[in-house]
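**Q** So I've got this file, start_23.cif, and it contains mmCIF, C-alpha atoms:
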data_input
loop_
_atom_site.group_PDB
_atom_site.id
_atom_site.type_symbol
_atom_site.label_atom_id
_atom_site.label_comp_id
_atom_site.auth_asym_id
_atom_site.auth_seq_id
_atom_site.Cartn_x
_atom_site.Cartn_y
_atom_site.Cartn_z
ATOM 1 C CA MET A 210 103.387 187.479 249.696
ATOM 2 C CA SER A 211 103.806 184.010 251.181
ATOM 3 C CA VAL A 212 106.528 183.020 253.617
ATOM 4 C CA THR A 213 107.810 180.443 251.106
ATOM 5 C CA VAL A 214 108.382 183.147 248.504
ATOM 6 C CA LEU A 215 110.167 185.340 251.070
ATOM 7 C CA TRP A 216 112.558 182.492 251.945
ATOM 8 C CA VAL A 217 113.238 181.874 248.236
ATOM 9 C CA ILE A 218 113.903 185.589 247.635
ATOM 10 C CA GLY A 219 116.220 185.666 250.664
ATOM 11 C CA GLY A 220 118.146 182.700 249.249
ATOM 12 C CA VAL A 221 118.424 184.303 245.833
ATOM 13 C CA LEU A 222 119.676 187.564 247.384
ATOM 14 C CA CYS A 223 122.316 185.659 249.368
ATOM 15 C CA ALA A 224 123.418 183.819 246.226
ATOM 16 C CA LEU A 225 123.625 187.075 244.236
ATOM 17 C CA LEU A 226 125.626 188.752 246.987
ATOM 18 C CA GLU A 227 127.973 185.751 247.036
ATOM 19 C CA MET A 228 128.580 186.202 243.308
ATOM 20 C CA ALA A 229 129.231 189.930 243.781
ATOM 21 C CA ILE A 230 131.460 189.474 246.850
ATOM 22 C CA PRO A 231 132.891 185.914 246.688
ATOM 23 C CA LEU A 232 133.616 185.111 250.325
ATOM 24 C CA MET A 233 132.261 181.544 250.227
ATOM 25 C CA VAL A 234 129.922 182.249 253.154
ATOM 26 C CA LEU A 235 126.677 183.700 251.834
ATOM 27 C CA ILE A 236 126.006 180.789 249.487
ATOM 28 C CA PHE A 237 125.533 178.537 252.512
ATOM 29 C CA PHE A 238 122.924 180.937 253.912
ATOM 30 C CA ALA A 239 121.220 180.714 250.520
ATOM 31 C CA PHE A 240 121.081 176.907 250.909
ATOM 32 C CA GLY A 241 119.595 177.343 254.370
ATOM 33 C CA ALA A 242 116.983 179.783 253.074
ATOM 34 C CA TRP A 243 115.949 177.402 250.296
ATOM 35 C CA VAL A 244 115.565 174.522 252.754
ATOM 36 C CA ALA A 245 113.495 176.819 254.982
ATOM 37 C CA ALA A 246 111.380 177.692 251.918
ATOM 38 C CA ALA A 247 110.810 173.977 251.344
ATOM 39 C CA ALA A 248 109.808 173.595 255.001
ATOM 40 C CA ALA A 249 107.365 176.500 254.661
ATOM 41 C CA GLY A 250 105.986 175.023 251.455
ATOM 42 C CA LEU A 251 105.384 171.707 253.223
ATOM 43 C CA GLY A 252 103.391 173.501 255.908
ATOM 44 C CA TYR A 253 105.900 173.519 258.772
ATOM 45 C CA GLY A 254 105.668 176.442 261.193
ATOM 46 C CA PRO A 255 108.102 179.268 261.810
ATOM 47 C CA ASP A 256 110.050 177.307 264.436
ATOM 48 C CA TRP A 257 110.841 174.543 261.940
ATOM 49 C CA GLN A 258 111.641 177.044 259.200
ATOM 50 C CA ILE A 259 114.086 179.011 261.328
ATOM 51 C CA GLY A 260 115.553 175.828 262.808
ATOM 52 C CA SER A 261 116.108 174.277 259.383
ATOM 53 C CA PHE A 262 117.606 177.555 258.098
ATOM 54 C CA ILE A 263 120.089 177.716 260.973
ATOM 55 C CA ALA A 264 120.937 173.996 260.882
ATOM 56 C CA VAL A 265 121.482 173.764 257.123
ATOM 57 C CA SER A 266 123.384 177.074 256.960
ATOM 58 C CA ILE A 267 125.790 176.146 259.755
ATOM 59 C CA LEU A 268 126.242 172.487 258.746
ATOM 60 C CA SER A 269 126.884 173.286 255.093
ATOM 61 C CA LEU A 270 129.224 176.127 256.057
ATOM 62 C CA VAL A 271 131.252 173.917 258.400
ATOM 63 C CA LEU A 272 131.285 170.821 256.195
ATOM 64 C CA LEU A 273 131.595 172.296 252.695
ATOM 65 C CA ARG A 274 133.274 175.718 252.848
ATOM 66 C CA LYS A 275 136.874 174.511 252.799
ATOM 67 C CA HIS A 276 136.225 172.135 249.898
ATOM 68 C CA ALA A 277 134.237 174.712 247.921
ATOM 69 C CA LYS A 278 136.838 177.406 248.528
ATOM 70 C CA THR A 279 139.615 175.119 247.246
ATOM 71 C CA PHE A 280 137.569 174.122 244.210
ATOM 72 C CA PHE A 281 136.565 177.642 243.197
ATOM 73 C CA SER A 282 140.002 179.176 243.789
ATOM 74 C CA GLY A 283 141.523 177.020 241.047
ATOM 75 C CA ARG A 284 143.590 174.843 243.372
ATOM 76 C CA ALA A 285 141.537 171.643 243.136
ATOM 77 C CA ARG A 286 143.401 168.699 241.625
ATOM 78 C CA SER A 287 142.055 165.453 240.251
ATOM 79 C CA GLY A 288 143.147 162.649 237.978
ATOM 80 C CA GLU A 289 146.408 160.767 237.651
ATOM 81 C CA ASP A 290 148.536 163.741 236.610
ATOM 82 C CA ALA A 291 147.208 166.155 239.231
ATOM 83 C CA GLY A 292 150.540 167.991 239.678
ATOM 84 C CA ALA A 293 151.020 168.941 236.018
ATOM 85 C CA HIS A 294 149.885 172.403 234.965
ATOM 86 C CA PRO A 295 148.279 172.422 231.495
ATOM 87 C CA MET A 296 150.738 175.105 230.329
ATOM 88 C CA LEU A 297 153.826 173.173 231.469
ATOM 89 C CA GLY A 298 156.428 173.056 228.677
ATOM 90 C CA ARG A 299 154.532 175.406 226.348
ATOM 91 C CA SER A 300 156.364 178.247 224.597
ATOM 92 C CA GLY A 301 155.312 181.840 224.387
ATOM 93 C CA VAL A 302 156.407 185.449 224.059
ATOM 94 C CA VAL A 303 156.863 188.057 226.792
ATOM 95 C CA SER A 304 154.220 190.760 226.303
ATOM 96 C CA LYS A 305 155.026 192.824 229.440
ATOM 97 C CA MET A 306 158.547 192.940 230.845
ATOM 98 C CA ILE A 307 159.273 190.464 233.651
ATOM 99 C CA THR A 308 161.723 191.162 236.468
ATOM 100 C CA PRO A 309 162.604 188.910 239.403
ATOM 101 C CA PHE A 310 160.669 191.208 241.756
ATOM 102 C CA GLU A 311 157.762 192.238 239.518
ATOM 103 C CA PRO A 312 155.589 189.794 237.543
ATOM 104 C CA GLY A 313 155.040 190.524 233.904
ATOM 105 C CA GLU A 314 152.930 188.890 231.225
ATOM 106 C CA VAL A 315 153.415 186.261 228.538
ATOM 107 C CA HIS A 316 151.340 185.431 225.483
ATOM 108 C CA ILE A 317 150.853 181.701 224.970
ATOM 109 C CA GLY A 318 148.445 180.098 222.518
ATOM 110 C CA GLY A 319 146.137 183.103 222.217
ATOM 111 C CA SER A 320 145.964 183.834 225.970
ATOM 112 C CA PHE A 321 147.815 186.214 228.239
ATOM 113 C CA TRP A 322 149.205 184.905 231.542
ATOM 114 C CA ARG A 323 150.904 186.575 234.499
ATOM 115 C CA ALA A 324 154.473 185.337 234.671
ATOM 116 C CA THR A 325 157.594 185.506 236.808
ATOM 117 C CA ALA A 326 161.204 184.563 236.122
ATOM 118 C CA CYS A 327 164.518 184.455 237.955
ATOM 119 C CA ARG A 328 166.057 187.109 235.691
ATOM 120 C CA PRO A 329 164.704 190.085 233.721
ATOM 121 C CA LEU A 330 162.984 189.238 230.442
ATOM 122 C CA ASP A 331 162.174 191.907 227.836
ATOM 123 C CA CYS A 332 159.089 192.197 225.653
ATOM 124 C CA GLY A 333 159.268 189.971 222.589
ATOM 125 C CA GLU A 334 161.573 187.435 224.219
ATOM 126 C CA GLN A 335 160.707 183.772 223.639
ATOM 127 C CA VAL A 336 160.045 181.799 226.852
ATOM 128 C CA ARG A 337 159.095 178.315 228.025
ATOM 129 C CA VAL A 338 156.805 177.533 230.973
ATOM 130 C CA LEU A 339 158.610 175.658 233.751
ATOM 131 C CA SER A 340 155.748 175.583 236.270
ATOM 132 C CA ALA A 341 153.017 177.592 237.941
ATOM 133 C CA LEU A 342 153.484 179.249 241.306
ATOM 134 C CA PRO A 343 152.525 176.832 244.102
ATOM 135 C CA ASP A 344 150.070 179.244 245.699
ATOM 136 C CA ASP A 345 148.757 180.762 242.446
ATOM 137 C CA ALA A 346 148.104 178.437 239.508
ATOM 138 C CA LEU A 347 147.354 181.442 237.282
ATOM 139 C CA THR A 348 150.875 182.871 237.503
ATOM 140 C CA LEU A 349 153.454 180.978 235.450
ATOM 141 C CA TYR A 350 157.165 180.605 236.160
ATOM 142 C CA VAL A 351 159.046 180.897 232.848
ATOM 143 C CA GLU A 352 162.588 180.820 231.488
ATOM 144 C CA SER A 353 164.055 182.425 228.394
ATOM 145 C CA LEU A 354 164.716 180.224 225.391
ATOM 146 C CA ARG A 355 167.817 182.334 224.730
ATOM 147 C CA PRO A 356 170.926 181.511 226.755
ATOM 148 C CA ALA A 357 171.881 184.193 229.315
ATOM 149 C CA GLY A 358 175.047 185.107 227.381
ATOM 150 C CA ASP A 359 173.141 185.944 224.150
ATOM 151 C CA ARG A 360 171.360 189.003 225.598
#
What is this structure when it is put down as structure tokens?

**A**
Amino acid sequence: MSVTVLWVIGGVLCALLEMAIPLMVLIFFAFGAWVAAAAAGLGYGPDWQIGSFIAVSILSLVLLRKHAKTFFSGRARSGEDAGAHPMLGRSGVVSKMITPFEPGEVHIGGSFWRATACRPLDCGEQVRVLSALPDDALTLYVESLRPAGDR
């Protein structure tokens, strides 16, 4: 088996491990391995292959990890209305009870979302989305559409 093929297989293994255990580290070693494979394919010796692997792995890790981590965690924002969550203002129904200390679940437009609220909300209660949590865009902050006195 050629050295080029070994570098490619090493890169693929790193990429597969990254998908299995998303730490946003191994993918950069995969990039390094693929560049080393290209170096081997172009006829460069082991010193150049290892050097390019180390250089590309470290440079891509240092320069791209923070951006990639933000993008893949669902916190990336773009466009004019970057602060607006797509579920903002939508109505739904509580599907798992919500308490102020324990998130529950709401059903909105065919999807289920984790949700929190400032007061307990029972299953079947109609709610409106006020926002998403600042550190978790997949957990919605909701309020009941019924006034507090009508419970």

**Q** If the PyMOL selection byres ((chain A and resi 232) around 12) is run on the structure shown, which residues does it catch, given as a list in words?

**A**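 Against this file, the PyMOL selection byres ((chain A and resi 232) around 12) returns the residues Cys223, Ala224, Leu225, Leu226, Glu227, Met228, Ala229, Ile230, Pro231, Met233, Val234, Leu235, Ile236, Phe237, Leu270, Arg274, Lys275, Ala277, Lys278, Phe281 and Ser282 of chain A.
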
**Q** Please indicate the distance in Å from atom CA of A:Trp322 to atom CA of A:Pro356, rounded to one decimal place.

**A** 22.5 Å

**Q** I need the residue set behind the PyMOL selection byres ((chain A and resi 348) around 12) for this file; please write it as a list of chain:residue names.

**A**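 On the file shown, the PyMOL selection byres ((chain A and resi 348) around 12) covers A:Gly283, A:His294, A:Met296, A:Leu297, A:Ile307, A:Glu311, A:Pro312, A:Gly313, A:Glu314, A:Val315, A:Phe321, A:Trp322, A:Arg323, A:Ala324, A:Thr325, A:Ala326, A:Val338, A:Leu339, A:Ser340, A:Ala341, A:Leu342, A:Pro343, A:Asp344, A:Asp345, A:Ala346, A:Leu347, A:Leu349, A:Tyr350, A:Val351.
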
**Q** Counting only C-alpha atoms, what is within 12 Å of A:Glu334, bar same-chain residues fewer than 5 positions away, as a list in words?

**A**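 The contact residues come out as Ser300, Gly301, Val302, Val303, Ser304, Lys305, Met306, Ile307, Glu314, Val315, His316, Pro329, Val351, Glu352, Ser353, Leu354, Arg355, Pro356, Ala357, Asp359 and Arg360 of chain A.
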
**Q** Measuring between only C-alpha atoms, which one of A:Cys332, A:Val271, A:Ile259, A:Ala293 shows the shortest distance to A:Ala247?

**A**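 When distances to A:Ala247 are compared using only C-alpha atoms, the smallest one comes from A:Ile259.
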
**Q** Out of A:Gly241, A:Gly250, A:Gly333, A:Pro255, which residue has the shortest atom-to-atom distance to A:Leu268 when counting all atoms listed in the file?

**A**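 Comparing A:Gly241, A:Gly250, A:Gly333, A:Pro255 against A:Leu268, the winner is A:Gly241.
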
**Q** To one decimal place in Å, what is the distance between atom CA of A:Arg337 and atom CA of A:Ser320?

**A** 14.4 Å

**Q** At what distance in Å, to one decimal, does atom CA of A:Gly260 lie from atom CA of A:Val217?

**A**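 So the two atoms, atom CA of A:Val217 and atom CA of A:Gly260, lie 15.9 Å apart.
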
**Q** Using only C-alpha atoms, find the one residue out of A:Thr279, A:Asp331, A:Thr213, A:Arg299 that sits nearest to A:Gly318.

**A**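 The shortest atom-to-atom distance to A:Gly318 comes from A:Arg299.
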